[in-house]
Number of protein chains: 2
Amino acid sequence: MNTTGIMSQHLRLHGAEIIARYAEFLRFPNVTSDSENIRRFAQFICGQYSEDDVRMELLELPGANPIVYGELESPNASRTIVLYAHYDAAAVEESEWSSTTPWDPALFSGRFDEGGVRLPWPDEGTPIDPEWRIYARAAADDKVSIFAMLEALRAIIELELQRTSNIIFFFDGEEEVSSENLVQFMKANRKRLGMGDVWLFCDGPMHPSRHPTLYFGARGYTGVDITVFGANRDLHSGHYGNWAPNPALELARLLSSMKDPEGNVLIEGFYDLITPLSDAERLAIDRIPPIDELLSEELELHDTEGQNQTYHERMLLPSLNIRGLESASVGESARNIIPKEATVSIDMRLVKDIDPETLLDAVEAHVRKQGFYILRNDPSSEIRRRHSRIAKIVRRPSDRAARTRMDDPHAIDVLQTLEHLFPDTSVAAVPTLGGTLPLYLICELFEKPLIILPFSNHDNNQHAPDENLRIGNLWYAIDVMSAILTMSP
Amino acid sequence: MNTTGIMSQHLRLHGAEIIARYAEFLRFPNVTSDSENIRRFAQFICGQYSEDDVRMELLELPGANPIVYGELESPNASRTIVLYAHYDAAAVEESEWSSTTPWDPALFSGRFDEGGVRLPWPDEGTPIDPEWRIYARAAADDKVSIFAMLEALRAIIELELQRTSNIIFFFDGEEEVSSENLVQFMKANRKRLGMGDVWLFCDGPMHPSRHPTLYFGARGYTGVDITVFGANRDLHSGHYGNWAPNPALELARLLSSMKDPEGNVLIEGFYDLITPLSDAERLAIDRIPPIDELLSEELELHDTEGQNQTYHERMLLPSLNIRGLESASVGESARNIIPKEATVSIDMRLVKDIDPETLLDAVEAHVRKQGFYILRNDPSSEIRRRHSRIAKIVRRPSDRAARTRMDDPHAIDVLQTLEHLFPDTSVAAVPTLGGTLPLYLICELFEKPLIILPFSNHDNNQHAPDENLRIGNLWYAIDVMSAILTMSP
């Protein structure tokens with residue numbers, strides 16, 4: 001996508017100084033656990049927003065990073081929009097960064113692993129290529145959202161445009177550690193936040209098609225760790241191999257029973273809890289730019305799970321995935337033993353209305369049906385002697401799925417704003433993200449529509465070394481935020 | 001078992017001084033990698049044996065620990081016996097030893113983890129309980145063999161008995177690191193060693209039934225590492241879960257296909273290469289004291305692989321065992337990803353006449369039949385895109401199995417010597433050890449019968465902290481060695 005019309009001209013005129021201002025943002029270290037720097041950055045954001053007349057404050061809870069909170073009224077506003085973003089960043093392994101460091105932003109002519117070269121910061125008037133990339137921790141996740149909102153406010157003032165909505169800014173400082181205190185913060189500020197008519201959740205990468213993107217929900221999450229037991233100690237594989245049972249093999253057999261070769265889950269009841277798609281959702285899916293071939297090529301896959309189903313159809317189903325598997329060791333440290341135990345860690349993604357505990361019950365019923373005695377702790381000697389197959393199952397914390405109706409009037413407003421802004425390209429309006437975000441906490445508390453509005457290029461190296469933002473995406477973010485703030489009432 | 005007759009009296013008379021002499025042996029550090037101390041100990045052994053008129057020398061190869069070699073002729077000898085043992089010890093983690101240290105032997109009234117208490121070294125005449133244990137590294141593995149041979153020589157002189165065989169002593173200094181130079185040493189001394197009519201391999205624990213023990217062979221060894229590939233990088237399990245294939249699941253399915261729930265290998269041809277048991281072997285198996293229930297109780301197992309087959313029957317079959325399994329991580333370091341690959345390490349134990357490469361070919365044919373494209377290195381992008389299932393298979397080094405005929409005349413002599421020595425108990429004459437020893441190297445080179453004659457209690461904590469030898473087993477070792485050196489021609 002490209003920025004259009006009046007904002008396009010603004011960005012052409014002020015590109016160099018906007019990039020310089022963003023570099024200043026990026027120099028603030030903001031890893032969640034770095035309390036001192038996090039607070040410095042929070043205060044800096046407050047200062048910046050205050051200059052644009054936003055009433056800023058830090059919401060506090062003991063032991064928590066503050067929420068950076070702001071309110072901005074607009075004359076004749078017909079609605080209140082809550083803009084969510086987060087100002088904390090994922091941890092960094094500084095030594096793994098390639099040609100720059102996490103808090104020292106650097107400009108490149110493209111991805112440097114694809115031949116991009118380092119550029120000097122541009123002077124005023126230098127033509128700026130949207131394919132340039134700016135490398136720094138949090139450049140994509142999620143400083144870009146907070147910065148774009150600020151630049152949009154400035155542009156609106158400078159261009160003498162009219163804001164049409166009241167805005168509540170709500171910037172989380174603990175998103176990278178599961179937003180542990182988010183619910184408590186929201187409950188403590190329930191009245192003010194309850195004024196919001198629609199939430200825009202500004203985080204995450206854009207659709208891989210690079211089209212303007214809206215996600216209307218996110219899958220939920222649950223999981224189990226299963227450990228299968230053999231003898232009460234590792235055994236010499238020569239002296240006992242062929243005689244003592246091997247728990248790794250028993251676990252392999254259990255896992256094989258859970259999915260068919262096409263990737264469909266075989267656990268009884270697994271697909272029974274799904275809410276059918278609405279007409280609007282079904283229509284939307286057909287309109288999303290296809291990405292199956294694009295992703296298969298990028299990931300070098302010959303084929304994928306779920307024959308005859310597209311990526312977006314698969315994301316509307318619950319998933320069951322082996323995220324880790326371990327029994328003794330492989331490689332240099334492998335020993336000639338029959339391991340005493342084998343462990344799998346499974347994560348499951350939930351779709352709308354699936355109760356995590358009901359799904360976990362179905363998983364356990366399946367394990368039991370495969371002949372396993374289930375317990376919550378390591379087995380006693382007595383239990384070991386009494387049962388042939390023993391599985392310890394530990395349920396992990398769950399998040400429910402959330403999905404906003406695509407025919408909600410506010411949802412339609414936002415979608416149309418994007419469609420008008422980019423008349424030459426289709427909008428990727430996706431019923432749900434495959435991943436999980438704490439959206440359901442917000443949806444449950446306020447019962448308002450919530451839409452994810454991401455700005456970053458999807459190849460941004462989020463959470464990894466060499467995180468980067470494409471300059472075109474920075475322009476897109478500012479352009480879209482300006483349009484949202486001024487969208488027709 | 002108990003020592004009997006004339007030796008019993010000797011041990012009663014001299015028990016305290018024998019224990020004191022063994023303690024002196026145990027104070028020599030002899031970890032394989034500790035070249036300086038290993039050589040000190042080798043020279044000490046030479047000195048001790050020389051006192052009993054054995055012609056000792058150190059056989060040398062560049063960079064290797066020497067072989068401690070000795071020859072002893074006997075008047076009117078009807079045969080030459082080669083006595084193999086090893087004078088090196090497994091590495092020690094000194095901090096993990098409980099109530100003593102590896103090179104400071106200590107006497108206890110029993111296993112100290114079962115209530116045994118520390119005892120002073122006994123004075124002459126103190127009654128000595130065979131249940132006492134002496135704790136030190138190498139007390140069981142394998143200083144006991146070398147010490148027992150020496151004490152047997154002394155006892156024979158003192159008791160004025162007649163040796164009936166010529167003896168070659170051959171003490172390996174690198175057994176704990178796979179006897180890397182053994183073949184070269186044997187080839188360099190082929191002529192002298194070729195004089196042996198029968199080899200006694202004195203190492204390892206006795207049969208768990210605690211009966212006098214002979215093993216007539218050992219299983220061979222081979223193995224493969226198999227890595228199954230998914231996408232070209234770890235994927236976010238939310239954004240791709242349910243769509244991108246999971247290599248850990250594919251590996252689980254592959255492993256499940258290799259064995260049935262009873263533990264029988266399903267790979268075509270796996271059992272076709274077995275040499276049928278001889279009558280003598282079949283008879284011997286029926287006579288071995290049963291240990292299935294004993295082991296099941298010790299290891300807290302409800303049941304075992306191979307229904308209706310005993311432990312000893314199972315050891316006469318080749319095995320296929322998962323020794324390690326890994327895909328990404330479990331536990332604290334688990335992440336919400338679809339792992340890019342999953343690896344299993346498999347070891348297989350071979351029985352007589354099975355060619356390792358033929359068996360590995362059968363395994364690969366099975367993997368191919370499950371739909372995998374097999375390669376030796378990591379796949380290229382092109383290969384990834386072209387094949388749905390990809391497995392990298394790396395074959396590991398192999399050892400062949402060896403099994404001496406139980407109706408060989410020398411084998412019968414040794415067996416009868418034990419039977420005469422312990423008339424009140426049956427001898428555990430076992431066709432094969434489950435584990436692997438480099439016997440086939442010796443058997444191939446000299447084409448002479450080889451019998452394993454172990455002396456240590458089976459619960460000796462071999463290779464682990466708190467290694468120990470039961471005093472009754474020390475008496476047994478000296479008694480048996482004396483009987484072998486004087487057995488009827």
# chains A, B, ... in the order shown; residues from 1 in each chain; ligands from 1
$ closest_atom_pairs --of "chain A" --to "chain B" --cutoff "7 Å" --atoms "only C-alpha atoms" --output "tab-separated table"
residue	atom	partner	partner_atom	distance
A:Ala231	CA	B:Leu299	CA	5.2
A:Asn232	CA	B:Leu299	CA	5.4
A:Gly238	CA	B:Gly435	CA	3.7
A:His239	CA	B:Gly434	CA	4.1
A:Tyr240	CA	B:Gly434	CA	6.7
A:Gly241	CA	B:Ser319	CA	5.9
A:Asn242	CA	B:Ser319	CA	5.1
A:Trp243	CA	B:Glu305	CA	4.8
A:Ala244	CA	B:Thr304	CA	5.2
A:Pro245	CA	B:Thr304	CA	5.6
A:Ala248	CA	B:Ile322	CA	6.6
A:Leu249	CA	B:Ser256	CA	6.7
A:Ala252	CA	B:Ala252	CA	4.2
A:Arg253	CA	B:Ser256	CA	5.0
A:Leu255	CA	B:Ala252	CA	6.5
A:Ser256	CA	B:Arg253	CA	5.1
A:Gly263	CA	B:Asn242	CA	7.0
A:Leu299	CA	B:Ala231	CA	5.2
A:Glu300	CA	B:Arg385	CA	5.2
A:Leu301	CA	B:Arg385	CA	5.2
A:His302	CA	B:Arg385	CA	4.5
A:Asp303	CA	B:Ser388	CA	6.0
A:Thr304	CA	B:Ala244	CA	5.2
A:Glu305	CA	B:Trp243	CA	4.8
A:Gly306	CA	B:Trp243	CA	6.7
A:Tyr311	CA	B:Trp243	CA	6.2
A:Arg314	CA	B:Asn242	CA	6.1
A:Ser319	CA	B:Asn242	CA	5.1
A:Leu320	CA	B:Asn242	CA	6.9
A:Asn321	CA	B:Gly241	CA	6.3
A:Ile322	CA	B:Ala248	CA	6.6
A:Arg323	CA	B:Ile337	CA	5.3
A:Gly324	CA	B:Ser329	CA	4.6
A:Leu325	CA	B:Ser327	CA	4.9
A:Glu326	CA	B:Glu326	CA	4.6
A:Ser327	CA	B:Leu325	CA	4.9
A:Ala328	CA	B:Gly324	CA	4.9
A:Ser329	CA	B:Gly324	CA	4.6
A:Val330	CA	B:Gly324	CA	5.0
A:Ala334	CA	B:Gly324	CA	6.3
A:Arg335	CA	B:Arg323	CA	6.7
A:Asn336	CA	B:Arg323	CA	5.9
A:Ile337	CA	B:Arg323	CA	5.3
A:Ile338	CA	B:Arg323	CA	5.6
A:Pro339	CA	B:Arg323	CA	6.4
A:Val344	CA	B:Val330	CA	6.6
A:Ser345	CA	B:Val330	CA	5.7
A:Arg349	CA	B:Gly238	CA	6.6
A:Ser381	CA	B:Glu300	CA	6.1
A:Arg384	CA	B:Glu300	CA	5.7
A:Arg385	CA	B:His302	CA	4.5
A:Arg386	CA	B:His302	CA	5.7
A:His387	CA	B:His302	CA	5.7
A:Ser388	CA	B:His302	CA	5.1
A:Leu433	CA	B:His239	CA	6.8
A:Gly434	CA	B:His239	CA	4.1
A:Gly435	CA	B:Gly238	CA	3.6
A:Thr436	CA	B:Gly238	CA	6.5
$ write_last_selection --atoms "C-alpha atoms" --output "CSV table (one decimal), in the first residue's frame"
chain,number,residue,atom,x,y,z
A,231,ALA,CA,11.1,-47.6,34.8
A,232,ASN,CA,11.9,-45.7,38.0
A,238,GLY,CA,21.8,-53.1,26.3
A,239,HIS,CA,20.9,-54.9,29.5
A,240,TYR,CA,17.2,-53.9,29.3
A,241,GLY,CA,16.5,-53.0,25.7
A,242,ASN,CA,13.7,-55.1,24.3
A,243,TRP,CA,12.4,-55.9,27.7
A,244,ALA,CA,11.7,-52.7,29.7
A,245,PRO,CA,9.1,-50.5,28.2
A,248,ALA,CA,9.4,-42.2,24.5
A,249,LEU,CA,7.8,-44.8,22.2
A,252,ALA,CA,5.1,-41.2,20.3
A,253,ARG,CA,2.2,-43.6,20.0
A,255,LEU,CA,0.8,-38.3,20.0
A,256,SER,CA,0.2,-40.2,16.7
A,263,GLY,CA,-3.6,-32.7,10.3
A,299,LEU,CA,8.8,-21.3,4.6
A,300,GLU,CA,9.9,-23.9,1.9
A,301,LEU,CA,7.0,-26.2,2.5
A,302,HIS,CA,5.9,-28.8,0.0
A,303,ASP,CA,2.4,-29.1,1.5
A,304,THR,CA,0.5,-28.1,4.6
A,305,GLU,CA,-2.0,-29.5,7.1
A,306,GLY,CA,-5.7,-29.6,6.1
A,311,TYR,CA,-4.6,-20.7,5.6
A,314,ARG,CA,-7.5,-23.2,9.1
A,319,SER,CA,-5.3,-26.2,16.7
A,320,LEU,CA,-3.3,-28.8,18.5
A,321,ASN,CA,0.5,-28.4,18.2
A,322,ILE,CA,3.5,-30.1,19.7
A,323,ARG,CA,5.6,-27.2,20.8
A,324,GLY,CA,8.3,-29.3,22.5
A,325,LEU,CA,9.3,-32.9,22.9
A,326,GLU,CA,12.0,-34.4,25.1
A,327,SER,CA,13.2,-37.7,26.4
A,328,ALA,CA,16.8,-38.0,27.6
A,329,SER,CA,19.2,-36.4,25.0
A,330,VAL,CA,20.1,-36.6,21.4
A,334,ALA,CA,23.0,-38.9,24.0
A,335,ARG,CA,23.6,-42.0,26.1
A,336,ASN,CA,22.7,-45.7,25.6
A,337,ILE,CA,19.7,-45.8,27.9
A,338,ILE,CA,16.0,-46.5,28.0
A,339,PRO,CA,14.9,-43.1,29.3
A,344,VAL,CA,5.6,-33.3,25.4
A,345,SER,CA,4.5,-29.8,25.7
A,349,ARG,CA,-5.4,-22.5,19.9
A,381,SER,CA,6.0,-46.8,43.5
A,384,ARG,CA,4.0,-47.5,38.9
A,385,ARG,CA,3.5,-51.2,39.8
A,386,ARG,CA,-0.2,-51.1,39.3
A,387,HIS,CA,-0.5,-49.5,35.9
A,388,SER,CA,1.0,-50.3,32.6
A,433,LEU,CA,-5.5,-13.8,14.0
A,434,GLY,CA,-4.0,-17.2,14.4
A,435,GLY,CA,-2.1,-16.0,17.5
A,436,THR,CA,-3.4,-15.1,20.9
$ residues_around --residues "region 152-162 of chain B" --least-positions-apart "5" --cutoff "6 Å" --atoms "only C-alpha atoms" --output "ChimeraX atom specification"
/B:478,481-482
$ write_last_selection --atoms "N, CA, C and O atoms" --output "PDB file, in the first residue's frame"
ATOM      1  N   ILE B 478      38.128 -64.502  44.303  1.00  0.00           N
ATOM      2  CA  ILE B 478      39.397 -65.184  44.610  1.00  0.00           C
ATOM      3  C   ILE B 478      39.198 -66.706  44.533  1.00  0.00           C
ATOM      4  O   ILE B 478      40.019 -67.436  43.959  1.00  0.00           O
ATOM      5  N   MET B 481      38.776 -67.726  40.810  1.00  0.00           N
ATOM      6  CA  MET B 481      40.041 -67.641  40.074  1.00  0.00           C
ATOM      7  C   MET B 481      40.967 -68.789  40.467  1.00  0.00           C
ATOM      8  O   MET B 481      41.638 -69.393  39.620  1.00  0.00           O
ATOM      9  N   SER B 482      40.996 -69.108  41.757  1.00  0.00           N
ATOM     10  CA  SER B 482      41.829 -70.239  42.208  1.00  0.00           C
ATOM     11  C   SER B 482      41.371 -71.526  41.542  1.00  0.00           C
ATOM     12  O   SER B 482      42.196 -72.340  41.092  1.00  0.00           O
TER      13      SER B 482
END
$ atom_distance --atom1 "CA of Pro62 (chain A)" --atom2 "CA of Asn189 (chain A)"
15.0 Å
$ atom_distance --atom1 "CA of Ala428 (chain B)" --atom2 "CA of His410 (chain B)"
17.0 Å
$ closest_residue --among "B:Met56, B:Ile274, B:Ala280, B:Ala391" --to "Val367 (chain B)" --atoms "only C-alpha atoms"
B:Ala391
$ atom_distance --atom1 "CA of Pro454 (chain A)" --atom2 "CA of Pro205 (chain A)"
5.6 Å
$ select_by_dssp --residues "region 156-321 of chain B" --states "strand (DSSP E or B)" --output "ChimeraX atom specification"
/B:166-172,198-201,205,213-215,217-218,220-229,235-236,259,265,319-321
$ residues_around --residues "Glu131 (chain A)" --least-positions-apart "5" --cutoff "7 Å" --atoms "only C-alpha atoms" --output "VMD selection string"
chain A and resid 109 to 110 470 to 472
$ write_last_selection --atoms "N, CA, C and O atoms" --output "mmCIF file, in the first residue's frame"
data_model
loop_
_atom_site.group_PDB
_atom_site.id
_atom_site.type_symbol
_atom_site.label_atom_id
_atom_site.label_comp_id
_atom_site.auth_asym_id
_atom_site.auth_seq_id
_atom_site.Cartn_x
_atom_site.Cartn_y
_atom_site.Cartn_z
ATOM 1 N N SER A 109 19.158 0.496 3.380
ATOM 2 C CA SER A 109 18.433 0.694 2.110
ATOM 3 C C SER A 109 17.461 -0.456 1.841
ATOM 4 O O SER A 109 16.694 -0.419 0.878
ATOM 5 N N GLY A 110 17.472 -1.473 2.678
ATOM 6 C CA GLY A 110 16.563 -2.616 2.573
ATOM 7 C C GLY A 110 16.959 -3.573 3.676
ATOM 8 O O GLY A 110 17.784 -3.222 4.526
ATOM 9 N N ARG A 470 9.906 -1.266 8.201
ATOM 10 C CA ARG A 470 10.011 -0.723 6.852
ATOM 11 C C ARG A 470 9.480 0.719 6.890
ATOM 12 O O ARG A 470 8.442 0.990 7.512
ATOM 13 N N ILE A 471 10.188 1.643 6.249
ATOM 14 C CA ILE A 471 9.777 3.053 6.304
ATOM 15 C C ILE A 471 8.370 3.221 5.721
ATOM 16 O O ILE A 471 7.553 3.981 6.244
ATOM 17 N N GLY A 472 8.056 2.470 4.657
ATOM 18 C CA GLY A 472 6.711 2.523 4.080
ATOM 19 C C GLY A 472 5.640 2.198 5.117
ATOM 20 O O GLY A 472 4.523 2.731 5.073
#
$ residues_around --residues "Asn468 (chain A)" --least-positions-apart "3" --cutoff "10 Å" --atoms "only C-alpha atoms" --output "PyMOL selection string"
chain A and resi 102+105-108+110-111+132-141+456-457+459-462+464-465+471
$ write_last_selection --atoms "C-alpha atoms" --output "short mmCIF file (atom, residue, chain, number, x, y, z; two decimals), in the first residue's frame"
data_model
loop_
_atom_site.label_atom_id
_atom_site.label_comp_id
_atom_site.auth_asym_id
_atom_site.auth_seq_id
_atom_site.Cartn_x
_atom_site.Cartn_y
_atom_site.Cartn_z
CA PRO A 102 19.20 -2.78 19.83
CA PRO A 105 18.81 2.73 15.54
CA ALA A 106 20.30 2.44 12.06
CA LEU A 107 18.87 3.08 8.61
CA PHE A 108 19.40 0.61 5.78
CA GLY A 110 16.56 -2.62 2.57
CA ARG A 111 16.83 -5.77 4.68
CA TRP A 132 14.28 1.57 3.56
CA ARG A 133 14.32 -0.15 6.93
CA ILE A 134 15.07 1.21 10.35
CA TYR A 135 16.68 -1.37 12.66
CA ALA A 136 16.20 -1.23 16.43
CA ARG A 137 14.50 -3.18 19.21
CA ALA A 138 10.81 -2.18 19.39
CA ALA A 139 10.97 -0.40 16.02
CA ALA A 140 8.11 -2.68 14.91
CA ASP A 141 6.79 -4.01 18.22
CA SER A 456 4.44 -3.36 11.03
CA ASN A 457 5.79 -5.23 8.03
CA ASP A 459 8.96 -9.68 8.23
CA ASN A 460 9.98 -7.41 11.10
CA ASN A 461 11.97 -9.96 13.20
CA GLN A 462 9.68 -9.31 16.14
CA ALA A 464 14.25 -11.65 17.67
CA PRO A 465 17.58 -10.00 16.90
CA ILE A 471 9.78 3.05 6.30
#
$ residues_around --residues "Leu453 (chain A)" --least-positions-apart "2" --cutoff "6 Å" --atoms "only C-alpha atoms" --output "list in words"
Phe201, Cys202 and Leu214 of chain A
$ write_last_selection --atoms "C-alpha atoms" --output "short mmCIF file (atom, residue, chain, number, x, y, z; two decimals), in the first residue's frame"
data_model
loop_
_atom_site.label_atom_id
_atom_site.label_comp_id
_atom_site.auth_asym_id
_atom_site.auth_seq_id
_atom_site.Cartn_x
_atom_site.Cartn_y
_atom_site.Cartn_z
CA PHE A 201 -5.69 -2.67 19.35
CA CYS A 202 -2.60 -1.33 17.60
CA LEU A 214 -7.69 -5.41 10.11
#
$ closest_residue --among "B:Arg282, B:Asn30, B:Thr486, B:Thr227" --to "Val394 (chain B)" --atoms "only C-alpha atoms"
B:Thr227
$ residues_around --residues "His366 (chain B)" --least-positions-apart "5" --cutoff "10 Å" --atoms "only C-alpha atoms" --output "list in words"
Leu254, Ser257, Met258, Leu266, Ile267, Glu268, Gly269, Leu360, Asp361, Gly371 and Phe372 of chain B
$ closest_residue --among "B:Asp408, B:Pro290, B:Leu119, B:Phe270" --to "Thr358 (chain B)" --atoms "only C-alpha atoms"
B:Phe270
$ select_by_dssp --residues "region 14-150 of chain A" --states "alpha helix (DSSP H)" --output "PyMOL selection string"
chain A and resi 14-26+35-51+143-150
$ write_last_selection --atoms "N, CA and C atoms" --output "short mmCIF file (atom, residue, chain, number, x, y, z; two decimals), in the first residue's frame"
data_model
loop_
_atom_site.label_atom_id
_atom_site.label_comp_id
_atom_site.auth_asym_id
_atom_site.auth_seq_id
_atom_site.Cartn_x
_atom_site.Cartn_y
_atom_site.Cartn_z
N HIS A 14 8.02 16.29 5.22
CA HIS A 14 8.61 16.21 6.57
C HIS A 14 9.26 14.87 6.88
N GLY A 15 9.43 14.02 5.85
CA GLY A 15 9.94 12.66 6.08
C GLY A 15 11.21 12.61 6.91
N ALA A 16 12.19 13.45 6.54
CA ALA A 16 13.48 13.39 7.22
C ALA A 16 13.34 13.71 8.70
N GLU A 17 12.54 14.73 9.02
CA GLU A 17 12.44 15.09 10.45
C GLU A 17 11.61 14.07 11.22
N ILE A 18 10.62 13.45 10.53
CA ILE A 18 9.84 12.40 11.21
C ILE A 18 10.75 11.21 11.55
N ILE A 19 11.59 10.84 10.59
CA ILE A 19 12.52 9.74 10.85
C ILE A 19 13.47 10.10 11.99
N ALA A 20 13.93 11.32 12.02
CA ALA A 20 14.82 11.75 13.11
C ALA A 20 14.11 11.66 14.46
N ARG A 21 12.82 12.09 14.45
CA ARG A 21 12.07 12.02 15.71
C ARG A 21 11.86 10.56 16.14
N TYR A 22 11.63 9.69 15.13
CA TYR A 22 11.42 8.28 15.49
C TYR A 22 12.70 7.68 16.05
N ALA A 23 13.84 8.06 15.46
CA ALA A 23 15.12 7.56 15.98
C ALA A 23 15.28 7.93 17.45
N GLU A 24 14.81 9.15 17.81
CA GLU A 24 14.89 9.57 19.21
C GLU A 24 14.06 8.61 20.09
N PHE A 25 12.85 8.26 19.61
CA PHE A 25 11.99 7.29 20.31
C PHE A 25 12.73 5.97 20.53
N LEU A 26 13.43 5.56 19.47
CA LEU A 26 14.02 4.22 19.47
C LEU A 26 15.23 4.12 20.38
N SER A 35 12.82 -1.64 34.87
CA SER A 35 11.85 -0.69 35.46
C SER A 35 12.27 0.76 35.32
N GLU A 36 13.55 1.01 35.56
CA GLU A 36 14.00 2.40 35.57
C GLU A 36 13.84 3.04 34.19
N ASN A 37 14.32 2.35 33.16
CA ASN A 37 14.25 2.90 31.80
C ASN A 37 12.82 2.91 31.26
N ILE A 38 12.03 1.91 31.67
CA ILE A 38 10.63 1.86 31.26
C ILE A 38 9.92 3.13 31.74
N ARG A 39 10.21 3.50 32.99
CA ARG A 39 9.56 4.68 33.56
C ARG A 39 10.05 5.98 32.88
N ARG A 40 11.33 6.00 32.56
CA ARG A 40 11.88 7.16 31.83
C ARG A 40 11.14 7.31 30.50
N PHE A 41 10.94 6.17 29.82
CA PHE A 41 10.29 6.21 28.50
C PHE A 41 8.82 6.61 28.66
N ALA A 42 8.16 6.10 29.71
CA ALA A 42 6.75 6.45 29.95
C ALA A 42 6.61 7.97 30.13
N GLN A 43 7.56 8.54 30.90
CA GLN A 43 7.48 9.98 31.14
C GLN A 43 7.77 10.78 29.87
N PHE A 44 8.67 10.27 29.05
CA PHE A 44 8.95 10.91 27.77
C PHE A 44 7.69 10.93 26.89
N ILE A 45 7.00 9.77 26.84
CA ILE A 45 5.77 9.70 26.02
C ILE A 45 4.75 10.72 26.54
N CYS A 46 4.56 10.78 27.85
CA CYS A 46 3.64 11.75 28.44
C CYS A 46 3.98 13.16 27.99
N GLY A 47 5.28 13.48 28.04
CA GLY A 47 5.72 14.80 27.65
C GLY A 47 5.38 15.10 26.19
N GLN A 48 5.63 14.15 25.33
CA GLN A 48 5.38 14.34 23.90
C GLN A 48 3.89 14.54 23.63
N TYR A 49 3.06 13.69 24.20
CA TYR A 49 1.61 13.79 23.96
C TYR A 49 1.03 15.07 24.55
N SER A 50 1.60 15.47 25.71
CA SER A 50 1.09 16.69 26.35
C SER A 50 1.25 17.89 25.41
N GLU A 51 2.32 17.90 24.65
CA GLU A 51 2.55 19.01 23.71
C GLU A 51 1.41 19.13 22.70
N LYS A 143 6.70 0.39 19.34
CA LYS A 143 6.87 1.84 19.40
C LYS A 143 6.21 2.52 18.21
N VAL A 144 6.15 1.83 17.06
CA VAL A 144 5.60 2.45 15.85
C VAL A 144 4.16 2.92 16.08
N SER A 145 3.38 2.18 16.84
CA SER A 145 1.98 2.56 17.05
C SER A 145 1.89 3.86 17.85
N ILE A 146 2.67 3.90 18.94
CA ILE A 146 2.62 5.07 19.81
C ILE A 146 3.15 6.31 19.08
N PHE A 147 4.19 6.10 18.30
CA PHE A 147 4.79 7.20 17.55
C PHE A 147 3.85 7.68 16.44
N ALA A 148 3.20 6.75 15.76
CA ALA A 148 2.31 7.12 14.65
C ALA A 148 1.11 7.92 15.15
N MET A 149 0.58 7.55 16.31
CA MET A 149 -0.55 8.31 16.87
C MET A 149 -0.13 9.75 17.14
N LEU A 150 1.08 9.89 17.68
CA LEU A 150 1.60 11.21 18.02
C LEU A 150 1.80 12.05 16.75
#
